[in-house]
Amino acid sequence: MSNDGELGALGRFREELDPIVFLFGALLTVGVIATFFISRNTVEWAIAGLNTLFLEYLNWVLLVIVFLIVVFLLFLIVGPWGRIRFGDDPPEYSFFSFFAMLYSAGFAAGVVFWGPTEALFYYDSPSPLFDVSGGSSEAMSIAVQQTLFHWALPQLAVFTIMGIAIGYFAYNYEGVPLRVSSALTPLIGKDNLDGPTAKVIDILAVFATIGGVATSLGFIGSQFVTGLDFQWGINLGDAGILLVVTTMTMLFTISMVLGVDRGIRRLSNFNMILFAILLVAAFVVGPTLFLVLIGTQAISGMVTDFISMSLYTGAGEEGGTQWMNDWTVFYWAWALSWSPFAGLFIARISRGRSVREVAFTGIVATSAATIPWFVSLGGTALYFQHEGIADFSQVMAFEQGAEVTGFILFEAFPLGTVFMIAFMILVTTFFITSADSSTLAVSMMTTGGKAQPSNINRIFWGVVLGMTAAILMILGGVDALQQAAIITGGPFAFVCLLAMLGLIKHFSSRYGRILLQEETVMIGSADRTPNVGGRAQAGDDDD
């Protein structure tokens with residue numbers, strides 16, 4: 001086989017491709033983009049119709065699956081299977097770099113977008129699960145509690161389960177590639193990882209990743225564009241949205257070409273440092289004592305009500321199901337649409353670590369970073385609104401977009417301009433790291449699991465991601481982004497469920513059952529040796 005130098009860039013690109021996954025994934029996404037330019041109404045109609053169909057029949061499935069995954073990961077952290085390692089090599093990155101990359105590549109873009117905003121919506125319109133009135137003092141704690149529930153364990157869990165499933169089989173078994181379908185190795189068989197079932201899963205993963213990541217890039221891009229307009233009066237319009245997304249696409253493409261070590265790792269470390277600085281500054285400048293009190297109460301409420309919030313469907317309550325669809329189901333579907341890419345990237349950086357360490361970092365360490373952010377920014381926004389220090393009423397009434405909340409909040413701070421500039425930088429750098437790592441993951445998906453795909457492959461998918469995000473922003477802003485996330489993420493709930501069941505099946509057979517003894521027969525009658533006098537005829541050892 002020719003080496004990379006003899007092949008050249010184009011030759012390496014052609015040689016590395018998995019033609020089926022690449023062509024079907026590319027045709028599907030590029031076809032949507034082309035249809036948008038030919039008939040914008042057709043795309044709008046298709047997205048709205050599929051979204052309605054899913055929410056009507058499969059919303060409860062997401063709630064159940066995500067809850068089961070959270071329970072399983074908590075068991076991995078405390079149970080004996082947690083000691084299982086990903087290969088025999090030492091970890092490739094320090095724990096801080098590992099954590100920073102996992103967090104930045106996971107869902108940090110959404111954390112930045114919704115941090116100042118989400119609790120305001122729950123304050124104005126609390127979940128029907130809780131018997132509190134909107135705009136009341138009681139609604140403040142419930143609003144923060146609901147926000148923490150949405151952004152702590154469950155969303156992170158679906159990324160983590162895919163990362164563990166992919167990484168374990170890729171690093172512990174020869175010939176298992178680093179790709180999404182490898183998560184189902186125990187169910188489809190190692191010899192069938194190049195078969196039609198695996199190809200369908202990898203194509204679905206490409207489609208889900210494009211939709212999910214484009215949703216996040218759309219949120220961040222809209223926040224950037226809205227911030228320019230709100231604070232400095234720079235109205236860019238549709239052409240401006242394309243320009244901003246194109247510019248950011250170029251930035252993350254540069255980072256992506258530099259690779260994981262020089263690009264993603266360094267930028268992720270910078271993100272976490274700036275994230276921590278802005279968090280601490282907001283906590284100090286904001287109503288500090290109030291934040292401590294409401295945060296303590298909200299965390300307690302989240303733990304106490306976790307099961308009921310996880311499985312709340314709104315059945316029998318006026319507006320309950322609609323509320324649940326608008327918030328919880330959307331968030332779970334959005335996270336699920338990210339799970340193939342985030343899981344693949346987590347697996348890529350987890351070589352040498354234990355299952356317990358990956359599970360702990362994925363749902364506990366990341367929650368420990370997310371909770372203070374939402375308490376500080378969301379709690380401050382609630383306090384300012386309740387006390388009349390700042391006015392978010394137009395945001396809560398949907399007269400202004402959620403994108404402007406952060407800028408209204410920081411405008412009420414001392415040195416507000418400094419906070420806004422830092423916030424805009426954080427928005428941009430999280431955009432870049434999210435797009436960077438997701439493009440790397442899609443490139444890996446379309447090359448059969450190659451850890452270092454060619455630059456041409458990465459650039460192609462970077463452009464596709466940027467174009468998809470821009471189209472969703474132009475189509476309908478946040479509403480279109482939410483619908484796209486539900487459509488692309490919903491089907492992947494079943495893949496995550498199968499990945500979890502596959503791990504349970506494999507770990508039970510290889511490392512021992514946890515709940516049942518080894519000789520337990522699950523179905524049918526056991527072939528037992530008859531007893532004589534209350535004792536077994538064979539196997540006795542009285543010596």
# chains A, B, ... in the order shown; residues from 1 in each chain; ligands from 1

call {"tool": "select_by_dssp", "arguments": {"residues": "region 329-411 of chain A", "states": "alpha helix (DSSP H)", "output": "ChimeraX atom specification"}}
result
/A:330-348,355-360,366-373,379-387,393-396,405-411

call {"tool": "closest_residue", "arguments": {"among": "A:Leu274, A:Ala470, A:Val284, A:Ala119", "to": "Met248 (chain A)", "atoms": "only C-alpha atoms"}}
result
A:Ala470

call {"tool": "residues_around", "arguments": {"residues": "Ile307 (chain A)", "least_positions_apart": "6", "cutoff": "12 Å", "atoms": "only C-alpha atoms", "output": "VMD selection string"}}
result
chain A and resid 63 to 64 66 to 68 70 to 71 129 149 154 301 313

call {"tool": "write_last_selection", "arguments": {"atoms": "all heavy atoms", "output": "PDB file, in the first residue's frame"}}
result
ATOM      1  N   LEU A  63     -37.805   9.553  27.635  1.00  0.00           N
ATOM      2  CA  LEU A  63     -37.723   9.725  29.083  1.00  0.00           C
ATOM      3  C   LEU A  63     -37.264   8.437  29.769  1.00  0.00           C
ATOM      4  O   LEU A  63     -36.394   8.452  30.643  1.00  0.00           O
ATOM      5  CB  LEU A  63     -39.084  10.146  29.638  1.00  0.00           C
ATOM      6  CG  LEU A  63     -39.705  11.419  29.069  1.00  0.00           C
ATOM      7  CD1 LEU A  63     -41.055  11.685  29.734  1.00  0.00           C
ATOM      8  CD2 LEU A  63     -38.788  12.618  29.250  1.00  0.00           C
ATOM      9  N   VAL A  64     -37.847   7.320  29.369  1.00  0.00           N
ATOM     10  CA  VAL A  64     -37.518   6.038  29.995  1.00  0.00           C
ATOM     11  C   VAL A  64     -36.079   5.631  29.689  1.00  0.00           C
ATOM     12  O   VAL A  64     -35.321   5.218  30.587  1.00  0.00           O
ATOM     13  CB  VAL A  64     -38.506   4.943  29.530  1.00  0.00           C
ATOM     14  CG1 VAL A  64     -38.078   3.571  30.051  1.00  0.00           C
ATOM     15  CG2 VAL A  64     -39.920   5.258  29.991  1.00  0.00           C
ATOM     16  N   VAL A  66     -33.418   7.436  28.746  1.00  0.00           N
ATOM     17  CA  VAL A  66     -32.409   8.293  29.373  1.00  0.00           C
ATOM     18  C   VAL A  66     -32.321   8.003  30.872  1.00  0.00           C
ATOM     19  O   VAL A  66     -31.222   7.955  31.441  1.00  0.00           O
ATOM     20  CB  VAL A  66     -32.715   9.780  29.101  1.00  0.00           C
ATOM     21  CG1 VAL A  66     -31.795  10.682  29.922  1.00  0.00           C
ATOM     22  CG2 VAL A  66     -32.558  10.097  27.615  1.00  0.00           C
ATOM     23  N   PHE A  67     -33.447   7.795  31.518  1.00  0.00           N
ATOM     24  CA  PHE A  67     -33.437   7.478  32.950  1.00  0.00           C
ATOM     25  C   PHE A  67     -32.679   6.178  33.213  1.00  0.00           C
ATOM     26  O   PHE A  67     -31.866   6.097  34.145  1.00  0.00           O
ATOM     27  CB  PHE A  67     -34.875   7.367  33.467  1.00  0.00           C
ATOM     28  CG  PHE A  67     -34.972   6.928  34.894  1.00  0.00           C
ATOM     29  CD1 PHE A  67     -34.600   7.781  35.934  1.00  0.00           C
ATOM     30  CD2 PHE A  67     -35.420   5.654  35.215  1.00  0.00           C
ATOM     31  CE1 PHE A  67     -34.687   7.371  37.260  1.00  0.00           C
ATOM     32  CE2 PHE A  67     -35.503   5.240  36.535  1.00  0.00           C
ATOM     33  CZ  PHE A  67     -35.134   6.101  37.560  1.00  0.00           C
ATOM     34  N   LEU A  68     -32.909   5.152  32.418  1.00  0.00           N
ATOM     35  CA  LEU A  68     -32.232   3.878  32.601  1.00  0.00           C
ATOM     36  C   LEU A  68     -30.722   4.020  32.405  1.00  0.00           C
ATOM     37  O   LEU A  68     -29.920   3.396  33.120  1.00  0.00           O
ATOM     38  CB  LEU A  68     -32.791   2.838  31.625  1.00  0.00           C
ATOM     39  CG  LEU A  68     -34.239   2.394  31.864  1.00  0.00           C
ATOM     40  CD1 LEU A  68     -34.688   1.441  30.763  1.00  0.00           C
ATOM     41  CD2 LEU A  68     -34.387   1.741  33.234  1.00  0.00           C
ATOM     42  N   VAL A  70     -28.901   6.720  32.980  1.00  0.00           N
ATOM     43  CA  VAL A  70     -28.353   7.392  34.165  1.00  0.00           C
ATOM     44  C   VAL A  70     -28.148   6.390  35.298  1.00  0.00           C
ATOM     45  O   VAL A  70     -27.089   6.363  35.942  1.00  0.00           O
ATOM     46  CB  VAL A  70     -29.283   8.533  34.631  1.00  0.00           C
ATOM     47  CG1 VAL A  70     -28.818   9.084  35.979  1.00  0.00           C
ATOM     48  CG2 VAL A  70     -29.323   9.647  33.602  1.00  0.00           C
ATOM     49  N   VAL A  71     -29.141   5.557  35.543  1.00  0.00           N
ATOM     50  CA  VAL A  71     -29.044   4.559  36.619  1.00  0.00           C
ATOM     51  C   VAL A  71     -27.869   3.617  36.367  1.00  0.00           C
ATOM     52  O   VAL A  71     -27.089   3.289  37.283  1.00  0.00           O
ATOM     53  CB  VAL A  71     -30.358   3.774  36.743  1.00  0.00           C
ATOM     54  CG1 VAL A  71     -30.216   2.618  37.733  1.00  0.00           C
ATOM     55  CG2 VAL A  71     -31.492   4.694  37.183  1.00  0.00           C
ATOM     56  N   LEU A 129     -45.655  19.751  37.042  1.00  0.00           N
ATOM     57  CA  LEU A 129     -45.358  18.764  38.064  1.00  0.00           C
ATOM     58  C   LEU A 129     -45.359  19.392  39.453  1.00  0.00           C
ATOM     59  O   LEU A 129     -45.702  18.733  40.446  1.00  0.00           O
ATOM     60  CB  LEU A 129     -43.995  18.119  37.784  1.00  0.00           C
ATOM     61  CG  LEU A 129     -43.463  17.118  38.816  1.00  0.00           C
ATOM     62  CD1 LEU A 129     -44.375  15.897  38.902  1.00  0.00           C
ATOM     63  CD2 LEU A 129     -42.034  16.705  38.465  1.00  0.00           C
ATOM     64  N   PHE A 149     -31.685  19.984  36.678  1.00  0.00           N
ATOM     65  CA  PHE A 149     -32.086  18.645  36.232  1.00  0.00           C
ATOM     66  C   PHE A 149     -31.830  18.469  34.742  1.00  0.00           C
ATOM     67  O   PHE A 149     -31.314  17.433  34.298  1.00  0.00           O
ATOM     68  CB  PHE A 149     -33.562  18.415  36.553  1.00  0.00           C
ATOM     69  CG  PHE A 149     -34.145  17.206  35.870  1.00  0.00           C
ATOM     70  CD1 PHE A 149     -33.796  15.930  36.274  1.00  0.00           C
ATOM     71  CD2 PHE A 149     -35.043  17.347  34.820  1.00  0.00           C
ATOM     72  CE1 PHE A 149     -34.334  14.817  35.643  1.00  0.00           C
ATOM     73  CE2 PHE A 149     -35.581  16.243  34.184  1.00  0.00           C
ATOM     74  CZ  PHE A 149     -35.225  14.967  34.591  1.00  0.00           C
ATOM     75  N   PRO A 154     -28.647  13.718  33.200  1.00  0.00           N
ATOM     76  CA  PRO A 154     -29.237  13.007  32.051  1.00  0.00           C
ATOM     77  C   PRO A 154     -28.611  13.325  30.696  1.00  0.00           C
ATOM     78  O   PRO A 154     -28.307  12.401  29.924  1.00  0.00           O
ATOM     79  CB  PRO A 154     -30.718  13.429  32.106  1.00  0.00           C
ATOM     80  CG  PRO A 154     -30.956  13.799  33.532  1.00  0.00           C
ATOM     81  CD  PRO A 154     -29.673  14.428  33.983  1.00  0.00           C
ATOM     82  N   GLY A 301     -33.535  19.741  45.935  1.00  0.00           N
ATOM     83  CA  GLY A 301     -34.784  19.416  45.246  1.00  0.00           C
ATOM     84  C   GLY A 301     -34.564  18.524  44.051  1.00  0.00           C
ATOM     85  O   GLY A 301     -35.358  17.606  43.777  1.00  0.00           O
ATOM     86  N   THR A 313     -44.588  12.738  32.347  1.00  0.00           N
ATOM     87  CA  THR A 313     -45.115  12.830  30.978  1.00  0.00           C
ATOM     88  C   THR A 313     -46.210  13.869  30.833  1.00  0.00           C
ATOM     89  O   THR A 313     -46.645  14.163  29.720  1.00  0.00           O
ATOM     90  CB  THR A 313     -45.681  11.467  30.526  1.00  0.00           C
ATOM     91  OG1 THR A 313     -46.786  11.116  31.375  1.00  0.00           O
ATOM     92  CG2 THR A 313     -44.621  10.376  30.588  1.00  0.00           C
TER      93      THR A 313
END

call {"tool": "residues_around", "arguments": {"residues": "Asn51 (chain A)", "least_positions_apart": "3", "cutoff": "7 Å", "atoms": "only C-alpha atoms", "output": "list in words"}}
result
Ile47, Ala48, Phe54, Leu55, Gln483, Ile486 and Ile487 of chain A

call {"tool": "atom_distance", "arguments": {"atom1": "CA of Ala402 (chain A)", "atom2": "CA of Tyr123 (chain A)"}}
result
14.3 Å

call {"tool": "residues_around", "arguments": {"residues": "Leu120 (chain A)", "least_positions_apart": "4", "cutoff": "8 Å", "atoms": "only C-alpha atoms", "output": "VMD selection string"}}
result
chain A and resid 124 143 378 381 to 382 392 396

call {"tool": "closest_residue", "arguments": {"among": "A:Gly87, A:Pro453, A:Pro128, A:Gly416", "to": "Thr321 (chain A)", "atoms": "only C-alpha atoms"}}
result
A:Pro128

call {"tool": "atom_distance", "arguments": {"atom1": "CA of Tyr511 (chain A)", "atom2": "CA of Leu74 (chain A)"}}
result
18.0 Å

call {"tool": "closest_residue", "arguments": {"among": "A:Asp194, A:Asp131, A:Asp89, A:Glu138", "to": "Tyr171 (chain A)", "atoms": "only C-alpha atoms"}}
result
A:Asp89

call {"tool": "residues_around", "arguments": {"residues": "region 359-374 of chain A", "least_positions_apart": "6", "cutoff": "8 Å", "atoms": "only C-alpha atoms", "output": "PyMOL selection string"}}
result
chain A and resi 73-74+76-77+99+102-103+111+115-116+144+147-148+151-154+156-157+159-161+164+279+295

call {"tool": "atom_distance", "arguments": {"atom1": "CA of Ala139 (chain A)", "atom2": "CA of Ser125 (chain A)"}}
result
8.6 Å

call {"tool": "closest_residue", "arguments": {"among": "A:Ile65, A:Cys496, A:Ile432, A:Val78", "to": "Phe270 (chain A)", "atoms": "only C-alpha atoms"}}
result
A:Ile432
